[in-house]
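Visitor: Input: one structure, supplied below.
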Amino acid sequence: MIHRYKSFLILLMTFLLLAGGLLSACSKSTNEGTSNNKTEGTASNSTSGDGAQPCTKPVELTMFVDATWYPFQDWTGEIPDLITKATCVKPKVTIATDDKQLALMVASGDLPDLVVSFNFKLMSDSKLSLPYNEIFPKYAPDVTFDPVKVLVNTVNDGKYYAIRNDFSSESEWKVNPYAHMMTAGLAMRKDILEELGNPSIKTLQDLDNVFAEVKKKHPDIVPLILNPNWQRPYFDVQFGAQGGLVDNGGKIEYYLRQDSVRDSMLYMNSLYRNGFVTSENFAYKNESETEQMMLSGKGFAYTWTYSGADRLTADSKGKLKFVQLAEPLSPKASIVSTGTGGLGIYVTKDNKNVEASVRFLKYLFSEDGWRLAEWGIEGKDWTWNDAGYPVFNYDPQDLTVLKQKGVYWWGVPTETGVGMALGSYKEGSETTRQGEAYDKIISFNPAIGMISPDTDSPEQIIQTNIDNMVKTEVTKVYLAPSAEEAQKAYDELIKKAEKIGMAKLEAWATAQYGPLKEKYDSLKN
Amino acid sequence: MSTMKRLQRQLPFQVFVWVGLAYLLIFSYIPMFGIIIAFKDYRISSGIEGIFTSPWSGLSHFRELIDDYNFPMLVRNTLVISILKIIFSYPVPILFAILLSEVRHVFLKRFVQTVSYLPHFISWVVVTGIANAFLSSGYGVVNDLLLNLHLIGKPLEVLTNPDSFWGLAVSTAIWKEAGWWTIIFLAALAGIDPSLYEAAEIDGAGRLKRILYITLPGLKSASIVILILTIGSMLGGGLVGSNFEQAMLLGNSLNSDKSQIIQTYAFSIGLAQGRFSFATAVDLMQSVISVLLIFGSNTIAKRLSGTGLF
């Protein structure tokens with residue numbers, strides 16, 4: 001009898017433990033929500049605005065960073081402490097563990113106070129975020145944003161929910177001659193170039209000749225390794241090809257249709273047919289894999305950004321030196337900058353202290369605040385060169401130093417395009433050399449970047465389907481055994497894009513473009 | 001005996017059942033309501049209540065899937081990879097279990113068994129890394145070896161050639177999972193009465209005859225149950241599973257014609273783009289096919305052998 005009673009007791013306890021586990025899993029978020037409320041409730045009573053009163057207990061705001069790769073995990077270090085001191089706000093940071101986390105948070109309605117995200121379309125929604133054009137006039141009426149920035153961030157409901165980073169208007173770029181916009185680039189091994197007698201490379205034909213020479217003299221070295229994230233952009237620039245939507249005399253066309261894009265794709269095919277790139281290169285998915293190949297001496301040239309050579313030289317730790325092919329290789333070479341920004345800081349509907357959030361944002365958007373967050377303390381960490389760029393007293397590429405100080409990455413969400421570029425300026429560097437040469441071929445048209453179909457709209461579905469199709473079909477153009485077959489594969493790709501609905505997408509985009517361009521031009525002039 | 005009294009007597013056992021039922025209800029049945037978004041225009045910004053309040057869209061997501069120019073290719077790849085896996089991976093653990101049971105050297109038997117099931121614990125990401133290190137045409141050990149031995153003139157493009165993807169998927173899946181499933185069949189073998197073997201031996205039956213007339217019939221029930229379960233999960237890769245992981249990790253733009261399957265499509269077009277309604281429709285379609293397969297295979301198994309799952 002006692003034995004039976006014992007086994008029953010054990011079973012009952014097992015059941016209770018399991019049931020408890022299930023229930024606690026279900027109620028976890030509720031508990032968290034309650035504790036957050038309490039913290040913020042107390043904090044908000046003790047805050048002061050704009051440092052008018054001493055900050056004794058900073059307001060704690062939950063901040064979710066929707067970028068799994070974000071190098072900073074928390075709000076610590078000398079610089080974050082100074083920002084907290086200036087704003088009396090201390091963000092409690094959570095970095096996304098996977099790229100679906102934000103979508104799930106949105107679906108479950110469990111939003112933090114602030115969200116830092118690239119997902120402009122998702123977050124620019126009155127159901128999720130508070131519009132800047134309502135909260136700034138209320139809590140910081142003295143703040144005004146550049147009208148062009150306001151325009152590129154305004155969505156269909158006429159409101160803007162963020163001022164995204166990395167965007168600067170054309171006029172800002174023009175008054176900052178030391179700010180060079182990031183472009184695609186080609187880095188080459190300096191020792192091999194010297195061995196070949198530093199041949200002049202002024203055209204794509206010259207480049208082909210150099211690749212052929214490298215192949216002949218170093219059969220164990222691949223003449224060109226393509227970074228999987230930067231396969232064609234460098235060559236697109238040389239042919240004057242643009243990505244995404246393209247303005248063709250006021251009418252919007254999808255980039256695939258452009259002759260320049262076709263020429264660039266066919267040129268990639270010639271690189272493969274001539275044995276300058278390997279077929280396996282098109283299967284690589286990770287850029288660290290291809291970078292490693294370059295650093296171990298397996299390749300001669302490498303497609304990356306304008307700072308590719310500097311980064312490869314630094315990463316090879318003195319073993320190899322790289323130079324940038326700094327000059328454009330064709331009179332057709334051109335770049336149309338259509339970007340409208342990237343990361344935005346969104347103040348969510350669930351924000352517990354909008355006043356403190358606006359105060360925090362106001363500081364980060366201010367020149368002083370942003371420079372402190374991104375560059376550090378003026379006079380100590382950096383000094384302003386009279387010519388118009390910062391000179392650093394620490395290595396801004398060294399992540400260990402950045403983490404220790406807590407500098408740079410908390411400035412990124414509010415950095416401007418020009419601000420970011422100025423931070424990369426280094427006299428005499430390969431990056432600067434290409435930046436100076438390529439500035440001459442850049443033109444601006446953010447009105448194109450503003451044409452963006454809504455999530456799940458028929459146009460967005462078409463665009464996504466075309467882009468997914470291109471990812472697999474374009475390899476058939478690159479790896480065709482002859483020029484004729486490459487042309488055929490390109491024609492096939494266009495046919496498939498037409499079948500998916502490319503013309504419909506273009507018609508819709510053209511209808512959107514006219515009014516947007518008109519508005520942009522009126523502000524620009 | 002009244003129901004209450006019976007319940008009272010069975011209480012300790014009933015508790016186990018209730019926990020299991022609660023688990024199924026909370027994690028398997030309640031979330032099933034979400035399936036309705038396959039027939040709706042659901043947007044993530046509308047939250048959980050959006051599952052119920054979103055407008056109905058009928059069969060539009062299913063129609064979109066069927067109209068997609070990739071659809072025939074996706075169905076072909078999913079079915080071919082799954083069928084190949086059943087054909088080649090299903091008999092392997094059975095044969096392996098029989099072979100192991102015939103090994104008399106205890107240490108060797110345990111060593112082989114351990115080594116063969118260890119890959120089960122390695123994730124597909126690591127397996128893909130190993131496959132790259134061995135088979136890459138640029139730096140793979142196998143290609144280096146074959147080239148140095150002058151057995152091939154140029155590297156074999158196993159990882160990038162579309163024609164080798166199906167073979168690669170099946171062989172790596174067998175390598176990873178066959179040892180693990182062997183354990184089930186070894187357990188079934190342990191249940192066979194040893195006196196049957198002794199009697200057969202006295203009657204003059206050789207090793208092959210004993211396998212044929214005692215071991216194989218002894219494995220029949222376990223084999224059929226596992227075959228039915230395998231067919232039910234066929235579109236996910238069956239016994240050795242992992243169709244999705246393989247297609248995601250071993251698939252690339254060069255072999256995509258043979259490596260893209262319905263699940264990767266649902267992921268890249270549906271989930272990665274935030275089109276949850278469409279992703280649900282794609283997955284629902286696959287689930288319906290799987291349910292039909294499990295009922296079909298159960299009926300056939302019952303007719304042929306008298307043994308079935310239900």
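Order determines the names: the first chain of the structure tokens is A, the second B, and so forth; residues in each chain are numbered 1 upward, and ligands are numbered 1 upward as they are shown.
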Counting only C-alpha atoms, what is within 6 Å of range 301-313 of chain A, bar same-chain residues fewer than 4 positions away, as a ChimeraX atom specification?
Guide: /A:183-188,224-227,230,321-324,431
Visitor: Name the residues in contact with Phe360 in chain A at a cut-off of 10 Å, using only C-alpha atoms, excluding same-chain residues fewer than 2 positions from it; report them as a PyMOL selection string.
Guide: chain A and resi 49-50+61+83-84+86-91+354-358+362-365+369
Visitor: Residues of chain B near chain A: apply a cut-off of 7 Å, count only C-alpha atoms, and supply the list as JSON, numbers by chain.
Guide: {"B": [12, 15, 19, 44, 45, 46, 47, 48, 160, 252, 253, 254, 256, 275]}
Visitor: Please provide the set of residues having any atom within 7 Å of Ile442 in chain A, restricted to only C-alpha atoms, with same-chain residues fewer than 5 positions apart removed, written as a list of chain:residue names.
Guide: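 In the requested format, the answer is A:Ser334, A:Ile335, A:Val336, A:Ser337.
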Visitor: What parts of range 64-245 of chain B does DSSP call alpha helix (DSSP H)? I'd like the answer as a PyMOL selection string.
Guide: chain B and resi 64-67+71-89+91-102+106-117+124-135+141-148+165-190+194-202+207-210+216-232+243-245
Visitor: Selected residues, C-alpha atoms, written as a short mmCIF file (atom, residue, chain, number, x, y, z; two decimals), in the first residue's frame, please.
Guide:
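After the write, selection_31.cif holds the following:
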data_model
loop_
_atom_site.label_atom_id
_atom_site.label_comp_id
_atom_site.auth_asym_id
_atom_site.auth_seq_id
_atom_site.Cartn_x
_atom_site.Cartn_y
_atom_site.Cartn_z
CA GLU B 64 0.12 31.34 -57.30
CA LEU B 65 2.21 28.35 -56.31
CA ILE B 66 0.87 26.18 -59.10
CA ASP B 67 1.28 28.98 -61.66
CA PHE B 71 6.53 24.59 -59.66
CA PRO B 72 7.07 21.53 -61.91
CA MET B 73 10.80 21.60 -61.13
CA LEU B 74 10.16 21.93 -57.38
CA VAL B 75 7.71 19.02 -57.33
CA ARG B 76 10.05 16.89 -59.46
CA ASN B 77 13.06 17.56 -57.22
CA THR B 78 11.10 17.02 -54.01
CA LEU B 79 9.62 13.74 -55.22
CA VAL B 80 12.78 12.38 -56.85
CA ILE B 81 15.04 13.13 -53.87
CA SER B 82 12.46 11.67 -51.48
CA ILE B 83 11.85 8.52 -53.52
CA LEU B 84 15.57 7.97 -54.05
CA LYS B 85 16.10 8.30 -50.32
CA ILE B 86 13.43 5.68 -49.60
CA ILE B 87 14.78 3.27 -52.19
CA PHE B 88 18.40 3.55 -51.12
CA SER B 89 18.26 4.55 -47.47
CA PRO B 91 17.19 -1.09 -46.76
CA VAL B 92 20.58 0.09 -45.45
CA PRO B 93 19.84 -0.01 -41.68
CA ILE B 94 18.11 -3.41 -42.06
CA LEU B 95 21.07 -4.90 -43.89
CA PHE B 96 23.50 -3.22 -41.54
CA ALA B 97 21.65 -4.56 -38.48
CA ILE B 98 21.70 -8.08 -39.89
CA LEU B 99 25.41 -7.82 -40.69
CA LEU B 100 26.18 -6.48 -37.21
CA SER B 101 24.15 -9.21 -35.55
CA GLU B 102 26.26 -11.77 -37.36
CA VAL B 106 32.00 -8.19 -29.38
CA PHE B 107 34.51 -5.30 -29.40
CA LEU B 108 34.44 -5.01 -33.20
CA LYS B 109 30.65 -5.11 -33.18
CA ARG B 110 30.38 -2.32 -30.60
CA PHE B 111 33.07 -0.25 -32.29
CA VAL B 112 31.40 -0.43 -35.71
CA GLN B 113 28.01 0.33 -34.21
CA THR B 114 29.29 3.38 -32.32
CA VAL B 115 31.22 4.74 -35.27
CA SER B 116 28.25 4.29 -37.59
CA TYR B 117 25.73 6.13 -35.41
CA TRP B 124 24.09 19.39 -41.29
CA VAL B 125 26.11 22.59 -41.22
CA VAL B 126 29.13 20.61 -40.10
CA VAL B 127 28.42 17.79 -42.55
CA THR B 128 28.34 20.37 -45.34
CA GLY B 129 31.68 21.73 -44.15
CA ILE B 130 33.12 18.21 -44.19
CA ALA B 131 31.67 17.62 -47.67
CA ASN B 132 33.30 20.86 -48.85
CA ALA B 133 36.66 19.94 -47.35
CA PHE B 134 36.55 16.55 -49.06
CA LEU B 135 34.80 17.22 -52.35
CA VAL B 141 41.07 16.38 -50.37
CA VAL B 142 39.48 13.81 -52.68
CA ASN B 143 40.13 15.86 -55.81
CA ASP B 144 43.69 16.62 -54.71
CA LEU B 145 44.33 12.94 -54.14
CA LEU B 146 42.80 11.79 -57.43
CA LEU B 147 44.67 14.50 -59.34
CA ASN B 148 47.97 13.63 -57.70
CA PHE B 165 23.26 16.63 -56.41
CA TRP B 166 20.72 13.84 -55.99
CA GLY B 167 23.47 11.25 -55.47
CA LEU B 168 25.24 13.57 -53.06
CA ALA B 169 22.04 14.17 -51.07
CA VAL B 170 21.21 10.47 -50.80
CA SER B 171 24.73 9.29 -49.96
CA THR B 172 25.42 11.95 -47.31
CA ALA B 173 22.02 11.31 -45.72
CA ILE B 174 22.71 7.56 -45.56
CA TRP B 175 26.17 8.19 -44.08
CA LYS B 176 24.68 10.45 -41.43
CA GLU B 177 21.55 8.55 -40.41
CA ALA B 178 21.78 4.84 -41.35
CA GLY B 179 23.77 3.92 -38.23
CA TRP B 180 21.20 5.56 -35.99
CA TRP B 181 18.26 3.67 -37.49
CA THR B 182 20.22 0.44 -37.23
CA ILE B 183 19.65 0.63 -33.46
CA ILE B 184 15.88 0.16 -33.96
CA PHE B 185 16.41 -2.93 -36.07
CA LEU B 186 19.01 -4.31 -33.68
CA ALA B 187 16.42 -3.95 -30.92
CA ALA B 188 13.92 -5.87 -33.06
CA LEU B 189 16.56 -8.55 -33.65
CA ALA B 190 17.15 -8.86 -29.92
CA PRO B 194 17.36 -17.59 -29.72
CA SER B 195 15.90 -21.08 -29.54
CA LEU B 196 14.68 -20.61 -33.12
CA TYR B 197 18.28 -20.20 -34.28
CA GLU B 198 19.40 -23.18 -32.23
CA ALA B 199 16.62 -25.36 -33.67
CA ALA B 200 17.47 -24.23 -37.21
CA GLU B 201 21.14 -24.96 -36.64
CA ILE B 202 20.31 -28.49 -35.41
CA ARG B 207 23.96 -18.83 -41.79
CA LEU B 208 22.25 -17.52 -44.92
CA LYS B 209 19.23 -19.77 -44.43
CA ARG B 210 18.92 -18.66 -40.80
CA LEU B 216 14.08 -11.41 -41.88
CA PRO B 217 10.61 -12.65 -40.81
CA GLY B 218 11.50 -11.52 -37.28
CA LEU B 219 12.11 -8.01 -38.59
CA LYS B 220 8.91 -7.88 -40.64
CA SER B 221 6.68 -5.97 -38.20
CA ALA B 222 9.30 -3.40 -37.29
CA SER B 223 10.22 -2.95 -40.96
CA ILE B 224 6.62 -2.34 -42.03
CA VAL B 225 5.86 0.12 -39.25
CA ILE B 226 9.04 2.06 -40.06
CA LEU B 227 8.30 1.92 -43.79
CA ILE B 228 4.85 3.43 -43.26
CA LEU B 229 6.27 6.18 -41.05
CA THR B 230 8.99 6.74 -43.64
CA ILE B 231 6.47 7.12 -46.45
CA GLY B 232 4.44 9.52 -44.29
CA ASN B 243 15.68 17.30 -47.35
CA PHE B 244 15.43 20.95 -46.32
CA GLU B 245 18.81 21.20 -44.62
#
